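Data file: work.cif. Format and content: mmCIF, C-alpha atoms.
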```cif
data_my_file
#
loop_
_atom_site.group_PDB
_atom_site.id
_atom_site.type_symbol
_atom_site.label_atom_id
_atom_site.label_comp_id
_atom_site.auth_asym_id
_atom_site.auth_seq_id
_atom_site.Cartn_x
_atom_site.Cartn_y
_atom_site.Cartn_z
ATOM 1 C CA MET A 253 -128.234 161.812 -33.775
ATOM 2 C CA PRO A 254 -126.694 164.174 -36.357
ATOM 3 C CA ASP A 255 -130.150 165.573 -36.947
ATOM 4 C CA ALA A 256 -130.521 166.579 -33.304
ATOM 5 C CA THR A 257 -127.329 168.660 -33.162
ATOM 6 C CA VAL A 258 -128.007 170.620 -36.333
ATOM 7 C CA PRO A 259 -131.044 172.398 -34.910
ATOM 8 C CA GLN A 260 -129.109 173.180 -31.725
ATOM 9 C CA VAL A 261 -126.206 174.682 -33.674
ATOM 10 C CA SER A 262 -128.541 176.560 -35.918
ATOM 11 C CA PHE A 263 -130.313 177.968 -32.817
ATOM 12 C CA TRP A 264 -127.047 179.403 -31.521
ATOM 13 C CA ILE A 265 -126.069 180.749 -34.900
ATOM 14 C CA ALA A 266 -129.493 182.239 -35.471
ATOM 15 C CA ASN A 267 -129.534 183.930 -32.060
ATOM 16 C CA ALA A 268 -125.877 184.915 -31.874
ATOM 17 C CA TYR A 269 -126.658 188.565 -32.626
ATOM 18 C CA TRP A 270 -128.329 188.964 -29.252
ATOM 19 C CA LEU A 271 -126.749 186.111 -27.235
ATOM 20 C CA ILE A 272 -123.177 187.352 -27.642
ATOM 21 C CA PRO A 273 -123.932 190.876 -26.388
ATOM 22 C CA LEU A 274 -126.003 189.375 -23.586
ATOM 23 C CA GLY A 275 -123.125 187.100 -22.593
ATOM 24 C CA VAL A 276 -120.639 189.968 -22.817
ATOM 25 C CA SER A 277 -122.954 192.132 -20.690
ATOM 26 C CA ILE A 278 -123.333 189.417 -18.068
ATOM 27 C CA VAL A 279 -119.587 188.768 -17.927
ATOM 28 C CA GLY A 280 -118.904 192.524 -17.875
ATOM 29 C CA GLY A 281 -121.441 192.987 -15.100
ATOM 30 C CA ILE A 282 -119.854 190.257 -13.045
ATOM 31 C CA ILE A 283 -116.387 191.754 -13.562
ATOM 32 C CA THR A 284 -117.653 195.251 -12.696
ATOM 33 C CA PHE A 285 -119.396 193.932 -9.607
ATOM 34 C CA LEU A 286 -116.297 192.106 -8.477
ATOM 35 C CA ALA A 287 -114.070 195.122 -9.162
ATOM 36 C CA THR A 288 -116.479 197.514 -7.450
ATOM 37 C CA ASP A 289 -116.820 195.134 -4.552
ATOM 38 C CA ALA A 290 -113.015 194.988 -4.212
ATOM 39 C CA VAL A 291 -112.780 198.804 -4.335
ATOM 40 C CA GLN A 292 -115.524 199.153 -1.720
ATOM 41 C CA LYS A 293 -113.835 196.604 0.525
ATOM 42 C CA GLU A 294 -110.556 198.524 0.162
ATOM 43 C CA LYS A 295 -112.319 201.793 1.045
ATOM 44 C CA ILE A 296 -113.913 200.179 4.089
ATOM 45 C CA LYS A 297 -110.547 198.786 5.157
ATOM 46 C CA ASN A 298 -108.976 202.263 4.776
ATOM 47 C CA LEU A 299 -111.798 203.854 6.790
ATOM 48 C CA GLU A 300 -111.397 201.275 9.540
ATOM 49 C CA LYS A 301 -107.659 201.969 9.613
ATOM 50 C CA ALA A 302 -108.282 205.728 9.781
ATOM 51 C CA MET A 303 -110.784 205.248 12.606
ATOM 52 C CA GLU A 304 -108.231 203.253 14.572
ATOM 53 C CA GLU A 305 -105.737 206.119 14.150
ATOM 54 C CA VAL A 306 -108.376 208.633 15.306
ATOM 55 C CA LYS A 307 -109.189 206.445 18.328
ATOM 56 C CA LYS A 308 -105.491 206.213 19.152
ATOM 57 C CA GLY A 309 -105.101 210.004 18.856
ATOM 58 C CA LEU A 310 -108.128 210.611 21.064
ATOM 59 C CA GLN A 311 -106.796 208.194 23.660
ATOM 60 C CA GLU A 312 -103.438 210.014 23.653
ATOM 61 C CA ALA A 313 -105.190 213.388 24.021
ATOM 62 C CA ARG A 314 -107.308 212.016 26.870
ATOM 63 C CA ASP A 315 -104.224 210.633 28.631
ATOM 64 C CA LYS A 316 -102.417 213.970 28.293
ATOM 65 C CA ALA A 317 -105.440 215.865 29.609
ATOM 66 C CA ILE A 318 -105.579 213.557 32.625
ATOM 67 C CA LYS A 319 -101.864 214.153 33.284
ATOM 68 C CA CYS A 320 -102.344 217.927 33.032
ATOM 69 C CA GLU A 321 -105.300 217.786 35.382
ATOM 70 C CA ALA A 322 -103.257 215.743 37.857
ATOM 71 C CA ILE A 323 -100.418 218.287 37.729
ATOM 72 C CA ILE A 324 -102.825 221.185 38.251
ATOM 73 C CA ASP A 325 -104.535 219.359 41.115
ATOM 74 C CA LYS A 326 -101.168 218.534 42.676
ATOM 75 C CA GLN A 327 -99.746 222.017 42.353
ATOM 76 C CA GLY A 328 -102.942 223.980 42.815
ATOM 77 C CA PRO A 329 -103.591 227.498 41.610
ATOM 78 C CA LEU A 330 -101.449 230.472 42.584
ATOM 79 C CA THR A 331 -104.430 232.726 43.250
ATOM 80 C CA GLN A 332 -107.945 232.431 44.558
ATOM 81 C CA THR A 333 -110.303 233.703 41.923
ATOM 82 C CA LYS A 334 -112.960 234.908 44.316
ATOM 83 C CA SER A 335 -113.083 238.646 44.598
ATOM 84 C CA PRO A 336 -110.893 240.212 45.731
ATOM 85 C CA VAL A 337 -108.218 238.029 44.201
ATOM 86 C CA SER A 338 -105.670 236.770 46.714
ATOM 87 C CA LEU A 339 -102.706 234.425 46.893
ATOM 88 C CA THR A 340 -103.178 230.787 47.813
ATOM 89 C CA ASP A 341 -100.638 228.989 50.002
ATOM 90 C CA ARG A 342 -98.933 227.877 46.809
ATOM 91 C CA GLY A 343 -99.000 231.491 45.598
ATOM 92 C CA GLN A 344 -97.307 232.625 48.811
ATOM 93 C CA ARG A 345 -94.577 229.986 48.386
ATOM 94 C CA PHE A 346 -94.244 230.942 44.728
ATOM 95 C CA LEU A 347 -93.814 234.603 45.713
ATOM 96 C CA GLU A 348 -91.061 233.739 48.189
ATOM 97 C CA GLU A 349 -89.230 231.054 46.208
ATOM 98 C CA SER A 350 -89.287 232.956 42.914
ATOM 99 C CA GLY A 351 -87.632 235.965 44.502
ATOM 100 C CA GLY A 352 -90.714 238.080 43.740
ATOM 101 C CA LYS A 353 -91.212 239.219 47.332
ATOM 102 C CA LYS A 354 -87.604 240.400 47.624
ATOM 103 C CA LEU A 355 -87.812 242.082 44.220
ATOM 104 C CA VAL A 356 -90.936 244.036 45.236
ATOM 105 C CA ASP A 357 -89.506 244.849 48.677
ATOM 106 C CA ASP A 358 -86.213 246.073 47.164
ATOM 107 C CA ASN A 359 -88.069 248.253 44.620
ATOM 108 C CA PHE A 360 -91.090 249.173 46.713
ATOM 109 C CA SER A 361 -90.573 252.939 46.758
ATOM 110 C CA SER A 362 -90.340 253.204 42.965
ATOM 111 C CA LEU A 363 -93.267 250.801 42.480
ATOM 112 C CA ARG A 364 -95.407 252.696 44.996
ATOM 113 C CA ALA A 365 -94.456 256.011 43.374
ATOM 114 C CA ASP A 366 -95.539 254.638 39.982
ATOM 115 C CA VAL A 367 -98.900 253.561 41.397
ATOM 116 C CA GLU A 368 -99.314 256.972 43.065
ATOM 117 C CA THR A 369 -98.726 258.819 39.771
ATOM 118 C CA HIS A 370 -102.173 257.526 38.752
ATOM 119 C CA SER A 371 -103.773 259.015 41.887
ATOM 120 C CA PRO A 372 -105.674 255.917 42.968
ATOM 121 C CA LYS A 373 -108.850 256.762 44.855
ATOM 122 C CA THR A 374 -110.051 253.251 45.702
ATOM 123 C CA ALA A 375 -108.574 249.907 46.654
ATOM 124 C CA TYR A 376 -109.659 248.718 43.221
ATOM 125 C CA ASP A 377 -107.603 251.506 41.612
ATOM 126 C CA VAL A 378 -104.572 250.425 43.640
ATOM 127 C CA GLN A 379 -105.054 246.850 42.449
ATOM 128 C CA GLU A 380 -105.299 247.820 38.787
ATOM 129 C CA PHE A 381 -102.375 250.257 38.901
ATOM 130 C CA ALA A 382 -100.259 247.688 40.762
ATOM 131 C CA ARG A 383 -100.804 245.300 37.810
ATOM 132 C CA THR A 384 -99.311 247.804 35.393
ATOM 133 C CA SER A 385 -96.622 249.085 37.751
ATOM 134 C CA VAL A 386 -94.993 245.693 38.293
ATOM 135 C CA LYS A 387 -94.018 245.744 34.616
ATOM 136 C CA ILE A 388 -91.282 248.171 35.735
ATOM 137 C CA LEU A 389 -89.560 245.096 37.141
ATOM 138 C CA GLU A 390 -89.008 243.809 33.596
ATOM 139 C CA SER A 391 -86.055 246.191 33.364
ATOM 140 C CA LYS A 392 -84.420 244.460 36.348
ATOM 141 C CA ASP A 393 -82.229 241.375 36.162
ATOM 142 C CA LEU A 394 -84.790 238.568 36.221
ATOM 143 C CA THR A 395 -82.369 235.722 35.498
ATOM 144 C CA GLY A 396 -83.007 234.040 38.856
ATOM 145 C CA VAL A 397 -86.754 234.502 38.471
ATOM 146 C CA LYS A 398 -86.702 233.062 34.949
ATOM 147 C CA ASP A 399 -84.634 230.080 36.106
ATOM 148 C CA PHE A 400 -87.200 229.449 38.844
ATOM 149 C CA LEU A 401 -90.084 229.789 36.376
ATOM 150 C CA PHE A 402 -88.411 227.371 33.977
ATOM 151 C CA LYS A 403 -87.971 224.750 36.697
ATOM 152 C CA GLU A 404 -91.559 225.232 37.870
ATOM 153 C CA GLY A 405 -93.023 225.221 34.375
ATOM 154 C CA ALA A 406 -94.570 228.626 35.071
ATOM 155 C CA LYS A 407 -94.919 231.710 32.900
ATOM 156 C CA LEU A 408 -93.602 235.229 33.444
ATOM 157 C CA GLU A 409 -97.163 236.583 33.356
ATOM 158 C CA GLU A 410 -98.033 234.302 36.320
ATOM 159 C CA PHE A 411 -95.057 235.780 38.173
ATOM 160 C CA PHE A 412 -96.265 239.328 37.481
ATOM 161 C CA THR A 413 -99.790 238.436 38.633
ATOM 162 C CA VAL A 414 -98.446 237.139 41.951
ATOM 163 C CA VAL A 415 -96.128 240.099 42.582
ATOM 164 C CA ALA A 416 -98.892 242.555 41.613
ATOM 165 C CA ILE A 417 -101.142 241.083 44.302
ATOM 166 C CA TYR A 418 -98.321 241.326 46.843
ATOM 167 C CA LEU A 419 -97.605 244.947 45.803
ATOM 168 C CA ARG A 420 -101.325 245.799 46.021
ATOM 169 C CA ASP A 421 -101.530 244.336 49.532
ATOM 170 C CA ARG A 422 -98.451 246.254 50.708
ATOM 171 C CA ILE A 423 -99.710 249.562 49.344
ATOM 172 C CA LEU A 424 -103.216 249.035 50.749
ATOM 173 C CA LYS A 425 -101.764 248.216 54.160
ATOM 174 C CA GLU A 426 -99.641 251.370 54.050
ATOM 175 C CA LYS A 427 -102.742 253.416 53.119
ATOM 176 C CA ASN A 428 -104.777 251.733 55.905
ATOM 177 C CA MET A 429 -107.161 250.338 53.308
ATOM 178 C CA ASP A 430 -108.722 246.891 53.479
ATOM 179 C CA VAL A 431 -108.199 244.414 50.643
ATOM 180 C CA ALA A 432 -111.946 243.720 50.816
ATOM 181 C CA ASP A 433 -112.412 247.301 49.632
ATOM 182 C CA VAL A 434 -111.186 246.245 46.176
ATOM 183 C CA ASP A 435 -114.799 245.375 45.366
ATOM 184 C CA LYS A 436 -115.933 248.892 46.261
ATOM 185 C CA GLN A 437 -115.626 251.296 43.353
ATOM 186 C CA THR A 438 -115.956 254.586 45.263
ATOM 187 C CA VAL A 439 -114.133 256.193 48.172
#
```
Just give me the structure as C-alpha coordinates.
Amino acid sequence: MPDATVPQVSFWIANAYWLIPLGVSIVGGIITFLATDAVQKEKIKNLEKAMEEVKKGLQEARDKAIKCEAIIDKQGPLTQTKSPVSLTDRGQRFLEESGGKKLVDDNFSSLRADVETHSPKTAYDVQEFARTSVKILESKDLTGVKDFLFKEGAKLEEFFTVVAIYLRDRILKEKNMDVADVDKQTV
(Lines of atoms letter the chains of each structure in order from A and count residues from 1; the text may use other names and numbers.)
(Lines give C-alpha, C1' and ligand atoms only; values in the text may rest on other atoms or scores of the structure.)
Protein backbone atom coordinates (compact mmCIF):
# COMPACT_ATOMS: atom_id res chain seq x y z
CA MET A 1 0.00 0.00 0.00
CA PRO A 2 2.84 2.47 0.67
CA ASP A 3 3.79 2.15 -2.97
CA ALA A 4 0.37 3.33 -4.12
CA THR A 5 0.40 6.58 -2.14
CA VAL A 6 3.86 7.66 -3.24
CA PRO A 7 2.87 8.11 -6.88
CA GLN A 8 -0.24 10.02 -5.80
CA VAL A 9 1.78 12.39 -3.62
CA SER A 10 4.39 12.79 -6.27
CA PHE A 11 1.62 13.65 -8.79
CA TRP A 12 0.42 16.50 -6.60
CA ILE A 13 3.91 17.72 -5.92
CA ALA A 14 4.86 17.51 -9.57
CA ASN A 15 1.76 19.40 -10.69
CA ALA A 16 1.56 21.89 -7.83
CA TYR A 17 2.89 24.72 -10.00
CA TRP A 18 -0.30 24.76 -12.03
CA LEU A 19 -2.80 23.13 -9.62
CA ILE A 20 -2.37 25.74 -6.88
CA PRO A 21 -3.03 28.71 -9.19
CA LEU A 22 -5.93 26.80 -10.72
CA GLY A 23 -7.39 26.14 -7.27
CA VAL A 24 -6.85 29.75 -6.22
CA SER A 25 -8.51 30.93 -9.44
CA ILE A 26 -11.50 28.65 -8.92
CA VAL A 27 -11.91 29.71 -5.29
CA GLY A 28 -11.41 33.37 -6.27
CA GLY A 29 -13.97 33.02 -9.04
CA ILE A 30 -16.49 31.51 -6.68
CA ILE A 31 -15.90 34.28 -4.14
CA THR A 32 -16.16 36.96 -6.84
CA PHE A 33 -19.34 35.40 -8.19
CA LEU A 34 -20.87 35.24 -4.75
CA ALA A 35 -19.84 38.82 -3.94
CA THR A 36 -21.05 40.12 -7.31
CA ASP A 37 -24.26 38.19 -6.92
CA ALA A 38 -24.79 39.74 -3.47
CA VAL A 39 -24.10 43.24 -4.85
CA GLN A 40 -26.50 42.68 -7.75
CA LYS A 41 -29.18 41.40 -5.39
CA GLU A 42 -28.68 44.49 -3.21
CA LYS A 43 -28.97 46.75 -6.28
CA ILE A 44 -32.15 44.98 -7.36
CA LYS A 45 -33.57 45.32 -3.85
CA ASN A 46 -32.73 49.06 -3.86
CA LEU A 47 -34.35 49.50 -7.29
CA GLU A 48 -37.48 47.70 -6.14
CA LYS A 49 -37.61 49.94 -3.07
CA ALA A 50 -37.17 53.05 -5.24
CA MET A 51 -39.92 51.88 -7.59
CA GLU A 52 -42.28 51.43 -4.66
CA GLU A 53 -41.54 55.02 -3.58
CA VAL A 54 -42.18 56.26 -7.14
CA LYS A 55 -45.46 54.32 -7.27
CA LYS A 56 -46.48 55.81 -3.93
CA GLY A 57 -45.62 59.33 -5.15
CA LEU A 58 -47.57 58.82 -8.37
CA GLN A 59 -50.56 57.55 -6.43
CA GLU A 60 -50.43 60.63 -4.17
CA ALA A 61 -50.20 62.93 -7.21
CA ARG A 62 -53.12 61.12 -8.84
CA ASP A 63 -55.21 61.43 -5.67
CA LYS A 64 -54.45 65.16 -5.42
CA ALA A 65 -55.32 65.70 -9.08
CA ILE A 66 -58.65 63.93 -8.56
CA LYS A 67 -59.38 66.15 -5.53
CA CYS A 68 -58.53 69.29 -7.53
CA GLU A 69 -60.73 68.16 -10.38
CA ALA A 70 -63.58 67.51 -7.95
CA ILE A 71 -63.19 71.00 -6.45
CA ILE A 72 -63.16 72.61 -9.90
CA ASP A 73 -66.19 70.58 -10.97
CA LYS A 74 -68.01 71.48 -7.76
CA GLN A 75 -67.22 75.17 -7.92
CA GLY A 76 -67.23 75.60 -11.67
CA PRO A 77 -65.47 78.32 -13.61
CA LEU A 78 -66.07 82.02 -13.04
CA THR A 79 -66.25 82.82 -16.75
CA GLN A 80 -67.43 81.19 -19.93
CA THR A 81 -64.52 80.99 -22.31
CA LYS A 82 -66.58 81.20 -25.46
CA SER A 83 -66.28 84.52 -27.18
CA PRO A 84 -67.26 87.00 -25.99
CA VAL A 85 -66.20 86.03 -22.50
CA SER A 86 -68.99 86.31 -19.94
CA LEU A 87 -69.66 85.52 -16.30
CA THR A 88 -71.11 82.17 -15.29
CA ASP A 89 -73.66 81.92 -12.48
CA ARG A 90 -70.76 81.29 -10.13
CA GLY A 91 -69.00 84.35 -11.59
CA GLN A 92 -72.08 86.47 -10.89
CA ARG A 93 -72.19 85.25 -7.27
CA PHE A 94 -68.45 85.81 -6.98
CA LEU A 95 -68.88 89.39 -8.25
CA GLU A 96 -71.58 90.10 -5.67
CA GLU A 97 -70.12 88.26 -2.68
CA SER A 98 -66.57 89.54 -3.18
CA GLY A 99 -67.75 93.14 -3.13
CA GLY A 100 -66.54 93.60 -6.71
CA LYS A 101 -69.89 94.83 -8.03
CA LYS A 102 -70.16 97.48 -5.31
CA LEU A 103 -66.53 98.49 -5.84
CA VAL A 104 -67.09 99.00 -9.59
CA ASP A 105 -70.43 100.76 -9.01
CA ASP A 106 -68.90 103.10 -6.40
CA ASN A 107 -65.97 103.94 -8.72
CA PHE A 108 -67.75 103.70 -12.05
CA SER A 109 -67.25 107.30 -13.18
CA SER A 110 -63.47 107.18 -12.68
CA LEU A 111 -63.23 103.71 -14.25
CA ARG A 112 -65.32 104.78 -17.24
CA ALA A 113 -63.26 107.96 -17.61
CA ASP A 114 -60.07 105.86 -17.64
CA VAL A 115 -61.48 103.61 -20.37
CA GLU A 116 -62.58 106.68 -22.36
CA THR A 117 -59.08 108.19 -22.25
CA HIS A 118 -58.11 105.42 -24.70
CA SER A 119 -60.90 106.43 -27.11
CA PRO A 120 -62.36 102.97 -27.63
CA LYS A 121 -63.95 102.57 -31.04
CA THR A 122 -65.27 99.02 -30.73
CA ALA A 123 -66.79 96.78 -28.09
CA TYR A 124 -63.53 94.84 -28.20
CA ASP A 125 -61.61 98.03 -27.36
CA VAL A 126 -63.91 98.62 -24.39
CA GLN A 127 -63.27 95.07 -23.19
CA GLU A 128 -59.49 95.40 -23.42
CA PHE A 129 -59.36 98.86 -21.83
CA ALA A 130 -61.69 97.70 -19.04
CA ARG A 131 -59.12 94.98 -18.21
CA THR A 132 -56.42 97.57 -17.66
CA SER A 133 -58.67 100.16 -16.03
CA VAL A 134 -59.80 97.90 -13.20
CA LYS A 135 -56.21 97.93 -11.95
CA ILE A 136 -57.06 101.42 -10.63
CA LEU A 137 -59.00 99.59 -7.93
CA GLU A 138 -55.72 98.25 -6.51
CA SER A 139 -55.26 101.63 -4.83
CA LYS A 140 -58.55 101.15 -2.95
CA ASP A 141 -58.94 99.32 0.35
CA LEU A 142 -59.31 95.71 -0.78
CA THR A 143 -59.14 94.13 2.68
CA GLY A 144 -62.69 92.75 2.45
CA VAL A 145 -62.06 91.49 -1.07
CA LYS A 146 -58.81 89.81 -0.04
CA ASP A 147 -60.51 88.18 2.95
CA PHE A 148 -63.19 86.83 0.62
CA LEU A 149 -60.57 85.59 -1.86
CA PHE A 150 -58.65 83.87 0.93
CA LYS A 151 -61.75 82.04 2.14
CA GLU A 152 -62.67 81.06 -1.42
CA GLY A 153 -59.16 80.00 -2.36
CA ALA A 154 -59.25 82.45 -5.27
CA LYS A 155 -56.62 84.80 -6.65
CA LEU A 156 -56.68 88.58 -7.01
CA GLU A 157 -56.22 88.24 -10.77
CA GLU A 158 -59.46 86.17 -10.91
CA PHE A 159 -61.20 89.00 -9.06
CA PHE A 160 -59.91 91.57 -11.57
CA THR A 161 -61.03 89.38 -14.49
CA VAL A 162 -64.56 89.20 -13.08
CA VAL A 163 -64.84 92.92 -12.32
CA ALA A 164 -63.38 93.80 -15.74
CA ILE A 165 -66.16 91.83 -17.43
CA TYR A 166 -68.76 93.58 -15.26
CA LEU A 167 -67.21 97.00 -16.04
CA ARG A 168 -67.12 96.17 -19.77
CA ASP A 169 -70.80 95.19 -19.71
CA ARG A 170 -71.81 98.38 -17.87
CA ILE A 171 -69.90 100.63 -20.26
CA LEU A 172 -71.21 98.81 -23.34
CA LYS A 173 -74.77 99.11 -22.06
CA GLU A 174 -74.27 102.83 -21.46
CA LYS A 175 -72.90 103.21 -25.02
CA ASN A 176 -75.81 101.15 -26.44
CA MET A 177 -73.35 98.57 -27.72
CA ASP A 178 -73.98 94.83 -27.69
CA VAL A 179 -71.58 92.51 -25.87
CA ALA A 180 -71.69 90.29 -28.96
CA ASP A 181 -69.95 93.14 -30.77
CA VAL A 182 -66.76 92.32 -28.85
CA ASP A 183 -65.93 89.88 -31.65
CA LYS A 184 -66.22 92.64 -34.25
CA GLN A 185 -62.99 94.58 -34.68
CA THR A 186 -64.36 97.60 -36.57
CA VAL A 187 -67.07 100.17 -35.92
Expand the PyMOL selection byres ((chain A and resi 370-387) around 6) into the explicit residue set it covers here, and present it as JSON, numbers by chain.
{"A": [367, 368, 369, 388, 389, 390, 416, 420, 433, 434, 439]}
Just the selected residues (C-alpha atoms), exported as a PDB file, in the frame of the given file, please.
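Output contents, as saved in selection.pdb:
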```
ATOM      1  CA  VAL A 367     -98.900 253.561  41.397  1.00  0.00           C
ATOM      2  CA  GLU A 368     -99.314 256.972  43.065  1.00  0.00           C
ATOM      3  CA  THR A 369     -98.726 258.819  39.771  1.00  0.00           C
ATOM      4  CA  ILE A 388     -91.282 248.171  35.735  1.00  0.00           C
ATOM      5  CA  LEU A 389     -89.560 245.096  37.141  1.00  0.00           C
ATOM      6  CA  GLU A 390     -89.008 243.809  33.596  1.00  0.00           C
ATOM      7  CA  ALA A 416     -98.892 242.555  41.613  1.00  0.00           C
ATOM      8  CA  ARG A 420    -101.325 245.799  46.021  1.00  0.00           C
ATOM      9  CA  ASP A 433    -112.412 247.301  49.632  1.00  0.00           C
ATOM     10  CA  VAL A 434    -111.186 246.245  46.176  1.00  0.00           C
ATOM     11  CA  VAL A 439    -114.133 256.193  48.172  1.00  0.00           C
TER      12      VAL A 439
END
```
When you count all atoms listed in the file, which of these residues is closest to A:Val356: A:Lys308, A:Ile423, A:Ser335, A:Gly343?
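Nearest to A:Val356: A:Ile423.
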Apply the PyMOL selection byres ((chain A and resi 350) around 12) to the displayed file and report the matching residues as a PDB file with C-alpha atoms, in the frame of the given file.
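Done, and the output landed in part04.pdb:
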```
ATOM      1  CA  ARG A 342     -98.933 227.877  46.809  1.00  0.00           C
ATOM      2  CA  GLY A 343     -99.000 231.491  45.598  1.00  0.00           C
ATOM      3  CA  GLN A 344     -97.307 232.625  48.811  1.00  0.00           C
ATOM      4  CA  ARG A 345     -94.577 229.986  48.386  1.00  0.00           C
ATOM      5  CA  PHE A 346     -94.244 230.942  44.728  1.00  0.00           C
ATOM      6  CA  LEU A 347     -93.814 234.603  45.713  1.00  0.00           C
ATOM      7  CA  GLU A 348     -91.061 233.739  48.189  1.00  0.00           C
ATOM      8  CA  GLU A 349     -89.230 231.054  46.208  1.00  0.00           C
ATOM      9  CA  GLY A 351     -87.632 235.965  44.502  1.00  0.00           C
ATOM     10  CA  GLY A 352     -90.714 238.080  43.740  1.00  0.00           C
ATOM     11  CA  LYS A 353     -91.212 239.219  47.332  1.00  0.00           C
ATOM     12  CA  LYS A 354     -87.604 240.400  47.624  1.00  0.00           C
ATOM     13  CA  LEU A 355     -87.812 242.082  44.220  1.00  0.00           C
ATOM     14  CA  VAL A 356     -90.936 244.036  45.236  1.00  0.00           C
ATOM     15  CA  LEU A 394     -84.790 238.568  36.221  1.00  0.00           C
ATOM     16  CA  THR A 395     -82.369 235.722  35.498  1.00  0.00           C
ATOM     17  CA  GLY A 396     -83.007 234.040  38.856  1.00  0.00           C
ATOM     18  CA  VAL A 397     -86.754 234.502  38.471  1.00  0.00           C
ATOM     19  CA  LYS A 398     -86.702 233.062  34.949  1.00  0.00           C
ATOM     20  CA  ASP A 399     -84.634 230.080  36.106  1.00  0.00           C
ATOM     21  CA  PHE A 400     -87.200 229.449  38.844  1.00  0.00           C
ATOM     22  CA  LEU A 401     -90.084 229.789  36.376  1.00  0.00           C
ATOM     23  CA  PHE A 402     -88.411 227.371  33.977  1.00  0.00           C
ATOM     24  CA  LYS A 403     -87.971 224.750  36.697  1.00  0.00           C
ATOM     25  CA  GLU A 404     -91.559 225.232  37.870  1.00  0.00           C
ATOM     26  CA  ALA A 406     -94.570 228.626  35.071  1.00  0.00           C
ATOM     27  CA  LYS A 407     -94.919 231.710  32.900  1.00  0.00           C
ATOM     28  CA  LEU A 408     -93.602 235.229  33.444  1.00  0.00           C
ATOM     29  CA  GLU A 410     -98.033 234.302  36.320  1.00  0.00           C
ATOM     30  CA  PHE A 411     -95.057 235.780  38.173  1.00  0.00           C
ATOM     31  CA  PHE A 412     -96.265 239.328  37.481  1.00  0.00           C
ATOM     32  CA  VAL A 414     -98.446 237.139  41.951  1.00  0.00           C
ATOM     33  CA  VAL A 415     -96.128 240.099  42.582  1.00  0.00           C
TER      34      VAL A 415
END
```
Atomic distance atom CA of A:Val337 - atom CA of A:Ile417, expressed in Å with one decimal:
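Distance reported for this atom pair: 7.7 Å.
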Go through A:Leu424, A:Leu419, A:Ala266, A:Ile283 one by one, measure the shortest atom-to-atom distance of each to A:Ser361 using all atoms listed in the file, and give the residue with the smallest value.
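Answer, going by the shortest atom-to-atom distance: A:Leu419.
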How many Å separate atom CA of A:Pro336 from atom CA of A:Val431?
7.0 Å
If you measure from atom CA of A:Ala290 to atom CA of A:Gly309, what distance in Å do you get, rounded to one decimal?
28.6 Å
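Closest approach to A:Pro329 among A:Glu305, A:Glu426, A:Asp341, A:Asp289: A:Asp341, based on all atoms listed in the file.
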Minimum-distance residue to A:Lys392, chosen among A:Asn298, A:Thr333, A:Asn267, A:Asn359 (using all atoms listed in the file)
A:Asn359
If you take every atom of stretch 327-341 of chain A that the file lists and fit an axis-aligned box around them with 4 Å extra on each side, what centre and edge lengths come out in Å to one decimal, as lines of an AutoDock Vina configuration file?
```
center_x = -106.4
center_y = 231.1
center_z = 45.8
size_x = 21.3
size_y = 26.2
size_z = 16.4
```
